[in-house]
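K.L.:
Take a look at this one; I'll ask things after.
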Number of protein chains: 2
Amino acid sequence: MYAGGRLLLMQLQVLLVAGTHGNEINGIWLFEQCEKSPFLINTHGIKTIKVIGNPEAKKAGTRYIDNDLNRSFLAESFSSMNSSNLEGVRANQLVRLYGNQGENPCQIVLDFHTTTASMGSCLVVYGRREADLALASLIQNRLGLPIYLHETDKKQTGFLVESWPCGLVIEIGPIGQGLLNSKIISQTKLILENFLEQIQQVKNLNLLFPEKLIIHRHIKSIDFPRDEEGHIDGYVHSLRQSKDWQPLKKNDELFYKLNGETIRFEEDESFIPVFINEAAYMEKNIAMSFTKRELWKFKPEWKQSLIDLIN
Amino acid sequence: MYAGGRLLLMQLQVLLVAGTHGNEINGIWLFEQCEKSPFLINTHGIKTIKVIGNPEAKKAGTRYIDNDLNRSFLAESFSSMNSSNLEGVRANQLVRLYGNQGENPCQIVLDFHTTTASMGSCLVVYGRREADLALASLIQNRLGLPIYLHETDKKQTGFLVESWPCGLVIEIGPIGQGLLNSKIISQTKLILENFLEQIQQVKNLNLLFPEKLIIHRHIKSIDFPRDEEGHIDGYVHSLRQSKDWQPLKKNDELFYKLNGETIRFEEDESFIPVFINEAAYMEKNIAMSFTKRELWKFKPEWKQSLIDLIN
């Protein structure tokens with residue numbers, strides 16, 4: 001393949017990102033340990049490149065410096081080379097270095113996050129790209145992880161994984177920001193190794209795709225209750241806290257105010273809430289997101305799309 | 001009482017501080033709600049002043065801006081009026097405004113904190129000041145909260161409460177930084193109201209001091225395991241995580257390294273660990289602190305010291 005004056009050897013490379021948010025440190029720590037002891041992770045023969053998404057934010061111990069890096073992968077920032085914010089520049093740099101057409105091209109990206117919500121381990125897929133759905137199916141089939149399909153959310157765009165032909169976010173929680181935890185590190189390592197194993201299986205055309213997959217399709221997000229001045233004046237009800245992935249029905253407790261008022265869920269339709277009380281989403285006016293749980297039939301074209309990308 | 005050219009009316013005032021660390025937001029939120037609805041908290045007739053310790057750090061969503069405010073109440077920063085760091089200036093300002101000799105004098109301070117460690121609700125006493133021990137005894141007698149006596153730790157000084165004649169820290173956890181939680185808010189409110197009730201009882205000389213109190217006396221803090229370059233290369237063992245207040249004996253699991261090595265506790269003496277894996281202490285090289293659990297006899301002079309201060 002000849003592109004941009006350079007002969008590119010299309011060897012499969014998987015980009016592994018941790019610390020896209022600087023205060024989600026378990027993945028960062030795992031990667032740093034791997035630098036010292038390369039055999040800590042069983043890569044199943046897959047060539048990987050490990051990067052810290054936002055090293056400046058990591059140093060500062062914050063999610064980001066100027067803007068959320070995981071909302072900075074936008075066409076507008078890529079068109080302007082003189083982006084004035086640190087994360088815009090970093091997004092550009094990551095694509096230039098490791099994008100599919102980059103200096104050291106990667107075809108697949110796995111972006112490791114943690115959350116303060118009780119999400120357990122789960123996958124986030126952005127939109128309905130065939131290769132993403134195929135790869136997510138393989139992992140769900142292997143580890144049983146729930147899949148959150150994020151789409152039709154115009155307020156939230158510019159995710160890192162969208163800049164690669166195939167890419168998934170792995171979310172693990174609950175864990176506080178800036179906190180190392182044995183369980184979270186083990187979960188991160190387990191999922192990473194399973195991803196690389198499954199990618200190796202696809203490379204060997206040793207295919208074990210499921211017939212069906214369970215999708216939690218994003219419907220909408222809801223804000224905290226607020227007073228006239230816009231300040232948050234209620235918090236997630238104790239009966240809703242940590243109940244991610246559990247159905248929310250009409251009249252269920254949603255928020256609580258200190259004056260004793262319980263705010264209930266009043267819609268007729270039932271939803272499955274996710275990312276309940278994620279600390280970083282408060283500034284995005286998101287108390288939780290609502291999804292619909294759906295059973296999807298696995299499509300052969302998804303499989304082909306992933307095979308084409310990998311081989 | 002005539003002091004510094006002003007006639008001071010010695011009415012008892014209790015200073016209530018939340019957000020001494022800007023990312024410990026549950027107390028801040030409770031105080032903000034009280035601003036809007038003054039009757040949310042039962043003050044038991046005690047006059048209180050509520051302040052946000054570090055409003056700039058709160059805005060930034062971080063523990064502090066230049067230095068930890070709760071290590072900034074030091075003689076050296078008070079002697080220099082042109083302190084170049086934000087927290088030094090703020091410490092000076094708080095004492096000038098609300099100190100015992102301040103513009104709006106307070107005799108007692110309660111400083112509300114949260115922790116990522118599984119400390120439950122507890123009190124921290126700095127040194128062995130009689131009024132502090134008397135007040136802590138009243139709360140332990142009423143709510144059964146453990147008391148952590150922090151002393152003889154030369155690396156950790158300059159705590160806010162030490163600049164008032166009587167002052168205690170309330171620590172509540174586990175809770176991630178920057179996260180509102182119904183349980184933490186309820187615990188904060190309960191403890192605050194019980195403090196004010198007990199202070200009111202002392203004011204009325206309606207005294208219910210216990211005969212004994214249980215103290216967890218600080219012995220030392222230990223660091224995370226580190227490699228030759230000083231980087232953390234092990235984390236708190238899963239069997240030690242969240243086991244605050246539970247005895248640690250010889251050969252118990254302490255840390256774990258990714259290479260499979262378990263680091264055990266090797267001393268012959270047994271300790272009670274506290275603040276296990278507090279996220280903010282990583283930069284202070286503290287993985288946890290060790291205490292000794294002791295039964296102390298309540299001393300009549302403690303009682304008198306508190307009565308003298310309040311009445």
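Chain identifiers are assigned as A, B, and so on, following the order in which chains appear in the structure tokens; residues are numbered from 1 within each chain, and ligands are numbered from 1 in order of appearance.
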What would chain A look like once superposed on chain B, with the fit done by least squares over all C-alpha atoms paired in order? Give it as a CSV table (one decimal) with C-alpha atoms, in the first residue's frame.
P.N.:
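Produced file superposed-v3.csv, reproduced below:
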```csv
chain,number,residue,atom,x,y,z
A,1,MET,CA,-13.0,41.3,77.1
A,2,TYR,CA,-11.0,44.0,75.5
A,3,ALA,CA,-8.6,43.0,72.7
A,4,GLY,CA,-6.9,44.8,69.9
A,5,GLY,CA,-8.9,48.0,70.3
A,6,ARG,CA,-12.2,46.3,70.0
A,7,LEU,CA,-14.7,45.2,72.6
A,8,LEU,CA,-15.4,41.5,72.0
A,9,LEU,CA,-18.6,40.0,73.1
A,10,MET,CA,-17.7,36.4,74.0
A,11,GLN,CA,-20.8,34.7,72.7
A,12,LEU,CA,-20.1,31.1,71.7
A,13,GLN,CA,-19.8,30.6,68.0
A,14,VAL,CA,-18.9,27.4,66.2
A,15,LEU,CA,-17.1,27.6,62.9
A,16,LEU,CA,-18.2,24.9,60.5
A,17,VAL,CA,-15.9,24.2,57.6
A,18,ALA,CA,-16.5,22.1,54.5
A,19,GLY,CA,-14.4,22.0,51.4
A,20,THR,CA,-11.0,22.5,53.1
A,21,HIS,CA,-10.2,20.1,50.2
A,22,GLY,CA,-12.0,21.4,47.1
A,23,ASN,CA,-12.9,17.9,45.7
A,24,GLU,CA,-14.6,16.7,48.9
A,25,ILE,CA,-17.9,18.1,47.9
A,26,ASN,CA,-20.6,16.5,50.1
A,27,GLY,CA,-20.1,18.9,53.0
A,28,ILE,CA,-19.9,21.8,50.6
A,29,TRP,CA,-23.2,20.8,49.0
A,30,LEU,CA,-24.9,20.4,52.4
A,31,PHE,CA,-23.7,23.9,53.4
A,32,GLU,CA,-25.0,25.4,50.2
A,33,GLN,CA,-28.4,23.8,50.7
A,34,CYS,CA,-28.5,25.2,54.2
A,35,GLU,CA,-27.9,28.7,52.8
A,36,LYS,CA,-31.1,28.3,50.8
A,37,SER,CA,-33.1,26.6,53.6
A,38,PRO,CA,-31.6,27.6,57.0
A,39,PHE,CA,-33.8,25.1,58.9
A,40,LEU,CA,-32.4,22.0,57.2
A,41,ILE,CA,-29.9,21.6,60.0
A,42,ASN,CA,-31.0,21.6,63.6
A,43,THR,CA,-28.5,23.8,65.2
A,44,HIS,CA,-29.9,23.2,68.7
A,45,GLY,CA,-29.7,27.0,69.3
A,46,ILE,CA,-25.9,27.1,68.8
A,47,LYS,CA,-24.7,30.0,66.7
A,48,THR,CA,-22.7,28.7,63.8
A,49,ILE,CA,-20.7,30.2,60.9
A,50,LYS,CA,-20.4,28.1,57.8
A,51,VAL,CA,-17.5,28.6,55.4
A,52,ILE,CA,-16.1,26.8,52.4
A,53,GLY,CA,-12.5,26.2,53.3
A,54,ASN,CA,-10.9,26.4,49.8
A,55,PRO,CA,-13.4,27.9,47.3
A,56,GLU,CA,-10.8,28.3,44.6
A,57,ALA,CA,-9.9,24.6,44.7
A,58,LYS,CA,-13.6,23.8,44.8
A,59,LYS,CA,-14.1,25.8,41.5
A,60,ALA,CA,-11.1,23.9,40.0
A,61,GLY,CA,-12.5,20.5,41.2
A,62,THR,CA,-9.2,19.7,42.9
A,63,ARG,CA,-7.9,19.1,46.4
A,64,TYR,CA,-5.9,22.4,46.4
A,65,ILE,CA,-4.3,24.9,44.1
A,66,ASP,CA,-0.8,25.5,45.4
A,67,ASN,CA,-0.6,23.6,48.6
A,68,ASP,CA,-2.8,21.4,50.8
A,69,LEU,CA,-4.8,24.0,52.8
A,70,ASN,CA,-5.0,21.5,55.7
A,71,ARG,CA,-1.2,21.6,56.0
A,72,SER,CA,-1.0,25.4,55.7
A,73,PHE,CA,-1.9,26.5,59.2
A,74,LEU,CA,1.7,26.9,60.2
A,75,ALA,CA,3.5,29.5,62.3
A,76,GLU,CA,5.8,30.3,59.4
A,77,SER,CA,3.0,31.2,57.0
A,78,PHE,CA,1.3,33.4,59.6
A,79,SER,CA,4.4,35.3,60.3
A,80,SER,CA,4.9,36.2,56.7
A,81,MET,CA,1.9,38.3,55.5
A,82,ASN,CA,3.0,38.1,51.9
A,83,SER,CA,2.6,34.5,51.4
A,84,SER,CA,3.0,33.7,47.8
A,85,ASN,CA,0.7,30.6,47.7
A,86,LEU,CA,-3.1,30.7,47.6
A,87,GLU,CA,-3.6,28.3,50.5
A,88,GLY,CA,-1.1,30.2,52.8
A,89,VAL,CA,-3.1,33.4,52.2
A,90,ARG,CA,-6.4,31.6,52.7
A,91,ALA,CA,-5.2,30.0,56.0
A,92,ASN,CA,-4.2,33.5,57.2
A,93,GLN,CA,-7.5,34.9,56.1
A,94,LEU,CA,-9.6,32.2,57.9
A,95,VAL,CA,-7.8,32.8,61.2
A,96,ARG,CA,-8.1,36.6,60.8
A,97,LEU,CA,-11.8,36.4,60.1
A,98,TYR,CA,-12.9,33.5,62.3
A,99,GLY,CA,-10.1,32.7,64.7
A,100,ASN,CA,-10.6,33.0,68.5
A,101,GLN,CA,-9.1,36.5,68.3
A,102,GLY,CA,-10.5,37.1,64.8
A,103,GLU,CA,-13.1,39.7,63.5
A,104,ASN,CA,-15.9,37.3,64.0
A,105,PRO,CA,-14.5,35.1,66.7
A,106,CYS,CA,-15.2,31.3,66.9
A,107,GLN,CA,-14.1,29.2,69.8
A,108,ILE,CA,-14.7,25.8,68.3
A,109,VAL,CA,-14.2,24.5,64.7
A,110,LEU,CA,-15.6,21.4,63.0
A,111,ASP,CA,-13.9,20.6,59.8
A,112,PHE,CA,-15.8,18.2,57.5
A,113,HIS,CA,-13.8,15.9,55.2
A,114,THR,CA,-14.4,12.8,53.1
A,115,THR,CA,-12.0,10.0,52.3
A,116,THR,CA,-11.7,7.4,49.6
A,117,ALA,CA,-10.8,4.9,52.4
A,118,SER,CA,-13.4,2.8,54.0
A,119,MET,CA,-13.2,4.7,57.3
A,120,GLY,CA,-17.0,4.9,57.9
A,121,SER,CA,-17.6,8.0,60.0
A,122,CYS,CA,-14.9,8.9,62.4
A,123,LEU,CA,-13.3,11.8,64.3
A,124,VAL,CA,-9.7,12.9,64.0
A,125,VAL,CA,-8.1,14.6,67.0
A,126,TYR,CA,-4.7,16.4,66.6
A,127,GLY,CA,-2.6,16.1,69.7
A,128,ARG,CA,-4.0,15.8,73.2
A,129,ARG,CA,-5.7,19.1,73.8
A,130,GLU,CA,-8.2,18.7,76.7
A,131,ALA,CA,-11.2,20.4,75.1
A,132,ASP,CA,-10.8,18.3,71.9
A,133,LEU,CA,-10.7,15.1,73.9
A,134,ALA,CA,-13.7,16.1,75.9
A,135,LEU,CA,-15.8,17.0,72.8
A,136,ALA,CA,-14.7,13.8,71.0
A,137,SER,CA,-15.7,11.8,74.0
A,138,LEU,CA,-19.2,13.2,74.0
A,139,ILE,CA,-19.6,12.3,70.3
A,140,GLN,CA,-18.1,8.8,70.8
A,141,ASN,CA,-20.4,8.3,73.7
A,142,ARG,CA,-23.4,9.4,71.6
A,143,LEU,CA,-22.7,7.9,68.2
A,144,GLY,CA,-20.0,5.3,68.8
A,145,LEU,CA,-17.6,6.9,66.3
A,146,PRO,CA,-14.0,5.8,66.4
A,147,ILE,CA,-11.4,8.4,67.3
A,148,TYR,CA,-8.1,8.7,65.4
A,149,LEU,CA,-5.5,10.5,67.5
A,150,HIS,CA,-3.0,12.1,65.1
A,151,GLU,CA,0.2,13.0,66.9
A,152,THR,CA,4.0,12.7,66.8
A,153,ASP,CA,4.0,12.9,62.9
A,154,LYS,CA,6.6,15.5,62.0
A,155,LYS,CA,5.9,15.1,58.3
A,156,GLN,CA,2.3,16.1,58.7
A,157,THR,CA,1.7,19.4,60.4
A,158,GLY,CA,-0.3,22.7,59.9
A,159,PHE,CA,-3.8,21.3,60.3
A,160,LEU,CA,-6.7,23.8,60.3
A,161,VAL,CA,-8.3,22.8,63.6
A,162,GLU,CA,-5.0,23.4,65.5
A,163,SER,CA,-5.5,27.2,65.0
A,164,TRP,CA,-8.6,27.2,67.1
A,165,PRO,CA,-8.8,26.5,70.9
A,166,CYS,CA,-10.9,23.4,70.2
A,167,GLY,CA,-11.4,21.7,66.9
A,168,LEU,CA,-12.1,18.3,65.4
A,169,VAL,CA,-12.0,16.8,61.9
A,170,ILE,CA,-14.8,14.6,60.8
A,171,GLU,CA,-13.8,12.1,58.1
A,172,ILE,CA,-16.5,10.1,56.2
A,173,GLY,CA,-15.8,7.4,53.6
A,174,PRO,CA,-15.5,5.7,51.3
A,175,ILE,CA,-16.5,8.1,48.7
A,176,GLY,CA,-14.7,9.1,45.4
A,177,GLN,CA,-13.4,12.7,45.0
A,178,GLY,CA,-15.9,15.0,43.4
A,179,LEU,CA,-18.8,12.7,43.9
A,180,LEU,CA,-22.1,13.5,45.7
A,181,ASN,CA,-23.6,10.6,47.6
A,182,SER,CA,-26.8,10.3,49.6
A,183,LYS,CA,-25.3,8.2,52.3
A,184,ILE,CA,-22.3,10.5,52.8
A,185,ILE,CA,-24.6,13.6,53.0
A,186,SER,CA,-26.9,11.9,55.5
A,187,GLN,CA,-23.9,10.9,57.7
A,188,THR,CA,-22.5,14.5,57.5
A,189,LYS,CA,-25.8,16.0,58.6
A,190,LEU,CA,-26.3,13.5,61.4
A,191,ILE,CA,-22.8,14.1,62.9
A,192,LEU,CA,-23.1,17.9,62.5
A,193,GLU,CA,-26.4,17.9,64.4
A,194,ASN,CA,-25.1,15.7,67.1
A,195,PHE,CA,-22.1,17.9,67.6
A,196,LEU,CA,-24.3,21.0,68.0
A,197,GLU,CA,-26.6,19.1,70.4
A,198,GLN,CA,-23.7,18.0,72.6
A,199,ILE,CA,-22.2,21.5,72.6
A,200,GLN,CA,-25.7,22.8,73.7
A,201,GLN,CA,-25.7,20.2,76.5
A,202,VAL,CA,-22.4,21.4,77.7
A,203,LYS,CA,-23.6,25.0,77.6
A,204,ASN,CA,-26.6,23.9,79.7
A,205,LEU,CA,-24.2,22.0,82.0
A,206,ASN,CA,-26.2,18.9,81.2
A,207,LEU,CA,-23.2,16.7,81.1
A,208,LEU,CA,-23.0,13.1,79.9
A,209,PHE,CA,-19.3,12.4,79.7
A,210,PRO,CA,-18.3,8.7,79.4
A,211,GLU,CA,-15.9,7.1,81.9
A,212,LYS,CA,-13.7,5.7,79.2
A,213,LEU,CA,-13.0,6.4,75.6
A,214,ILE,CA,-11.4,4.3,72.8
A,215,ILE,CA,-8.5,6.0,71.1
A,216,HIS,CA,-6.7,4.8,67.9
A,217,ARG,CA,-3.3,6.4,68.5
A,218,HIS,CA,-1.2,7.2,65.4
A,219,ILE,CA,2.0,5.3,65.4
A,220,LYS,CA,3.4,5.7,61.8
A,221,SER,CA,2.5,5.7,58.1
A,222,ILE,CA,3.8,3.4,55.5
A,223,ASP,CA,4.5,4.0,51.8
A,224,PHE,CA,3.6,1.9,48.8
A,225,PRO,CA,6.2,-0.5,47.5
A,226,ARG,CA,8.4,1.3,45.0
A,227,ASP,CA,11.0,0.4,42.3
A,228,GLU,CA,14.5,1.6,42.1
A,229,GLU,CA,13.4,4.8,40.4
A,230,GLY,CA,10.8,5.6,43.1
A,231,HIS,CA,7.7,4.7,41.1
A,232,ILE,CA,4.9,2.8,42.9
A,233,ASP,CA,5.2,-0.8,41.7
A,234,GLY,CA,2.6,-2.5,43.9
A,235,TYR,CA,-0.9,-1.7,45.2
A,236,VAL,CA,-2.9,-2.5,48.3
A,237,HIS,CA,-3.6,-6.2,48.5
A,238,SER,CA,-7.3,-7.1,47.8
A,239,LEU,CA,-7.4,-8.7,51.3
A,240,ARG,CA,-6.3,-5.4,52.9
A,241,GLN,CA,-8.3,-3.0,50.8
A,242,SER,CA,-11.3,-1.5,52.7
A,243,LYS,CA,-10.2,-3.2,55.9
A,244,ASP,CA,-9.7,0.0,57.9
A,245,TRP,CA,-10.0,-0.4,61.7
A,246,GLN,CA,-9.3,-4.2,61.4
A,247,PRO,CA,-6.1,-5.6,63.1
A,248,LEU,CA,-3.1,-6.3,60.9
A,249,LYS,CA,-0.9,-9.1,62.2
A,250,LYS,CA,2.4,-10.6,61.2
A,251,ASN,CA,2.3,-12.4,57.8
A,252,ASP,CA,-1.0,-10.7,56.8
A,253,GLU,CA,-1.2,-9.6,53.1
A,254,LEU,CA,-0.3,-6.0,52.7
A,255,PHE,CA,0.5,-5.2,49.0
A,256,TYR,CA,0.5,-7.1,45.7
A,257,LYS,CA,2.7,-6.7,42.7
A,258,LEU,CA,1.6,-7.5,39.1
A,259,ASN,CA,4.4,-10.0,38.9
A,260,GLY,CA,2.5,-12.1,41.4
A,261,GLU,CA,4.5,-11.2,44.5
A,262,THR,CA,2.5,-10.7,47.7
A,263,ILE,CA,4.2,-8.3,50.2
A,264,ARG,CA,3.3,-9.3,53.7
A,265,PHE,CA,3.4,-7.4,56.9
A,266,GLU,CA,6.5,-8.6,58.7
A,267,GLU,CA,6.6,-6.8,62.0
A,268,ASP,CA,6.0,-8.8,65.2
A,269,GLU,CA,3.8,-6.1,66.7
A,270,SER,CA,0.1,-5.8,65.6
A,271,PHE,CA,-1.5,-2.5,64.4
A,272,ILE,CA,-4.8,-1.2,63.4
A,273,PRO,CA,-4.5,0.4,59.9
A,274,VAL,CA,-6.5,3.5,58.9
A,275,PHE,CA,-6.8,5.6,55.8
A,276,ILE,CA,-6.0,2.5,53.6
A,277,ASN,CA,-5.5,3.7,50.0
A,278,GLU,CA,-6.7,7.3,50.5
A,279,ALA,CA,-6.3,8.7,46.9
A,280,ALA,CA,-5.0,12.1,48.1
A,281,TYR,CA,-2.2,10.5,50.2
A,282,MET,CA,-0.4,8.9,47.3
A,283,GLU,CA,1.4,12.1,46.7
A,284,LYS,CA,2.3,12.2,50.4
A,285,ASN,CA,3.8,8.7,50.1
A,286,ILE,CA,1.3,7.2,52.4
A,287,ALA,CA,-0.4,3.9,51.5
A,288,MET,CA,-2.0,3.6,55.0
A,289,SER,CA,-1.3,4.6,58.6
A,290,PHE,CA,-0.9,2.4,61.6
A,291,THR,CA,-2.5,2.9,65.0
A,292,LYS,CA,-2.8,1.3,68.3
A,293,ARG,CA,-6.2,0.8,69.9
A,294,GLU,CA,-6.2,2.0,73.5
A,295,LEU,CA,-8.8,2.4,76.2
A,296,TRP,CA,-8.3,5.8,78.0
A,297,LYS,CA,-9.8,6.9,81.2
A,298,PHE,CA,-11.8,10.1,80.8
A,299,LYS,CA,-10.1,12.9,82.8
A,300,PRO,CA,-12.1,15.5,84.8
A,301,GLU,CA,-9.8,18.3,83.6
A,302,TRP,CA,-10.9,17.6,79.9
A,303,LYS,CA,-14.5,18.3,80.9
A,304,GLN,CA,-13.5,21.5,82.7
A,305,SER,CA,-11.5,22.7,79.8
A,306,LEU,CA,-14.5,22.3,77.4
A,307,ILE,CA,-16.9,23.9,79.9
A,308,ASP,CA,-14.6,26.9,80.4
A,309,LEU,CA,-14.4,27.4,76.6
A,310,ILE,CA,-18.1,27.1,76.0
A,311,ASN,CA,-19.5,29.1,78.9
```
K.L.:
Just the strand (DSSP E) stuff from region 169-294 of chain B, please, per backbone DSSP, written as number ranges by chain.
P.N.:
B: 169-173, 212-222, 235-236, 253-256, 262-264, 272-274, 288-294
K.L.:
Output the selection as an mmCIF file, in the first residue's frame - N, CA and C atoms for each residue.
P.N.:
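Written file, result.cif:
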```cif
data_model
loop_
_atom_site.group_PDB
_atom_site.id
_atom_site.type_symbol
_atom_site.label_atom_id
_atom_site.label_comp_id
_atom_site.auth_asym_id
_atom_site.auth_seq_id
_atom_site.Cartn_x
_atom_site.Cartn_y
_atom_site.Cartn_z
ATOM 1 N N VAL B 169 -11.697 17.162 63.299
ATOM 2 C CA VAL B 169 -11.965 16.820 61.909
ATOM 3 C C VAL B 169 -12.940 15.652 61.896
ATOM 4 N N ILE B 170 -13.927 15.730 61.024
ATOM 5 C CA ILE B 170 -14.838 14.607 60.793
ATOM 6 C C ILE B 170 -14.491 14.029 59.425
ATOM 7 N N GLU B 171 -14.183 12.748 59.393
ATOM 8 C CA GLU B 171 -13.856 12.063 58.137
ATOM 9 C C GLU B 171 -14.944 11.043 57.839
ATOM 10 N N ILE B 172 -15.443 11.046 56.610
ATOM 11 C CA ILE B 172 -16.486 10.095 56.224
ATOM 12 C C ILE B 172 -16.113 9.450 54.893
ATOM 13 N N GLY B 173 -16.184 8.117 54.845
ATOM 14 C CA GLY B 173 -15.853 7.428 53.601
ATOM 15 C C GLY B 173 -16.323 5.987 53.629
ATOM 16 N N LYS B 212 -14.840 6.167 80.000
ATOM 17 C CA LYS B 212 -13.671 5.766 79.197
ATOM 18 C C LYS B 212 -13.904 6.112 77.730
ATOM 19 N N LEU B 213 -12.823 6.221 77.002
ATOM 20 C CA LEU B 213 -12.995 6.366 75.564
ATOM 21 C C LEU B 213 -11.962 5.512 74.838
ATOM 22 N N ILE B 214 -12.325 5.121 73.626
ATOM 23 C CA ILE B 214 -11.430 4.283 72.812
ATOM 24 C C ILE B 214 -10.694 5.204 71.848
ATOM 25 N N ILE B 215 -9.377 5.124 71.889
ATOM 26 C CA ILE B 215 -8.532 5.973 71.045
ATOM 27 C C ILE B 215 -7.731 5.083 70.104
ATOM 28 N N HIS B 216 -7.665 5.473 68.839
ATOM 29 C CA HIS B 216 -6.735 4.836 67.905
ATOM 30 C C HIS B 216 -5.572 5.796 67.735
ATOM 31 N N ARG B 217 -4.485 5.502 68.425
ATOM 32 C CA ARG B 217 -3.354 6.418 68.495
ATOM 33 C C ARG B 217 -2.414 6.191 67.315
ATOM 34 N N HIS B 218 -2.126 7.270 66.591
ATOM 35 C CA HIS B 218 -1.233 7.194 65.427
ATOM 36 C C HIS B 218 0.169 6.750 65.837
ATOM 37 N N ILE B 219 0.687 5.762 65.112
ATOM 38 C CA ILE B 219 2.054 5.313 65.367
ATOM 39 C C ILE B 219 2.965 5.734 64.220
ATOM 40 N N LYS B 220 2.546 5.384 62.989
ATOM 41 C CA LYS B 220 3.374 5.726 61.822
ATOM 42 C C LYS B 220 2.565 5.497 60.550
ATOM 43 N N SER B 221 3.105 6.001 59.455
ATOM 44 C CA SER B 221 2.500 5.748 58.152
ATOM 45 C C SER B 221 3.476 4.940 57.316
ATOM 46 N N ILE B 222 2.932 4.150 56.387
ATOM 47 C CA ILE B 222 3.835 3.399 55.504
ATOM 48 C C ILE B 222 3.537 3.760 54.054
ATOM 49 N N TYR B 235 0.267 -2.398 44.680
ATOM 50 C CA TYR B 235 -0.913 -1.720 45.216
ATOM 51 C C TYR B 235 -1.402 -2.451 46.460
ATOM 52 N N VAL B 236 -2.366 -1.851 47.140
ATOM 53 C CA VAL B 236 -2.904 -2.456 48.356
ATOM 54 C C VAL B 236 -3.523 -3.813 48.011
ATOM 55 N N GLU B 253 -1.451 -10.208 54.468
ATOM 56 C CA GLU B 253 -1.210 -9.616 53.153
ATOM 57 C C GLU B 253 -1.313 -8.096 53.239
ATOM 58 N N LEU B 254 -0.361 -7.412 52.593
ATOM 59 C CA LEU B 254 -0.327 -5.959 52.676
ATOM 60 C C LEU B 254 -0.423 -5.338 51.279
ATOM 61 N N PHE B 255 0.527 -5.714 50.404
ATOM 62 C CA PHE B 255 0.532 -5.189 49.037
ATOM 63 C C PHE B 255 0.642 -6.342 48.057
ATOM 64 N N TYR B 256 0.382 -6.026 46.810
ATOM 65 C CA TYR B 256 0.477 -7.020 45.755
ATOM 66 C C TYR B 256 1.171 -6.370 44.570
ATOM 67 N N THR B 262 3.299 -11.232 46.612
ATOM 68 C CA THR B 262 2.530 -10.643 47.709
ATOM 69 C C THR B 262 3.508 -10.114 48.743
ATOM 70 N N ILE B 263 3.330 -8.864 49.144
ATOM 71 C CA ILE B 263 4.177 -8.306 50.195
ATOM 72 C C ILE B 263 3.386 -8.385 51.495
ATOM 73 N N ARG B 264 3.972 -9.084 52.461
ATOM 74 C CA ARG B 264 3.276 -9.303 53.728
ATOM 75 C C ARG B 264 3.797 -8.365 54.803
ATOM 76 N N ILE B 272 -3.537 -1.377 64.028
ATOM 77 C CA ILE B 272 -4.836 -1.174 63.374
ATOM 78 C C ILE B 272 -4.617 -0.152 62.250
ATOM 79 N N PRO B 273 -4.717 -0.568 60.991
ATOM 80 C CA PRO B 273 -4.504 0.376 59.891
ATOM 81 C C PRO B 273 -5.721 1.285 59.674
ATOM 82 N N VAL B 274 -5.440 2.526 59.321
ATOM 83 C CA VAL B 274 -6.488 3.496 58.945
ATOM 84 C C VAL B 274 -6.053 4.223 57.670
ATOM 85 N N MET B 288 -1.056 3.785 53.878
ATOM 86 C CA MET B 288 -1.978 3.648 55.013
ATOM 87 C C MET B 288 -1.235 4.104 56.265
ATOM 88 N N SER B 289 -1.971 4.326 57.353
ATOM 89 C CA SER B 289 -1.336 4.657 58.624
ATOM 90 C C SER B 289 -1.633 3.556 59.630
ATOM 91 N N PHE B 290 -0.731 3.386 60.581
ATOM 92 C CA PHE B 290 -0.896 2.365 61.613
ATOM 93 C C PHE B 290 -1.219 3.033 62.943
ATOM 94 N N THR B 291 -2.159 2.439 63.659
ATOM 95 C CA THR B 291 -2.523 2.957 64.978
ATOM 96 C C THR B 291 -2.510 1.822 65.996
ATOM 97 N N LYS B 292 -2.532 2.230 67.261
ATOM 98 C CA LYS B 292 -2.736 1.302 68.368
ATOM 99 C C LYS B 292 -4.089 1.637 68.992
ATOM 100 N N ARG B 293 -4.884 0.610 69.247
ATOM 101 C CA ARG B 293 -6.182 0.823 69.880
ATOM 102 C C ARG B 293 -5.995 0.822 71.393
ATOM 103 N N GLU B 294 -6.425 1.897 72.038
ATOM 104 C CA GLU B 294 -6.200 2.035 73.488
ATOM 105 C C GLU B 294 -7.479 2.487 74.194
#
```
K.L.:
Mind checking DSSP for region 200-272 of chain A and telling me the alpha helix (DSSP H) residues as a ChimeraX atom specification?
P.N.:
/A:200-203
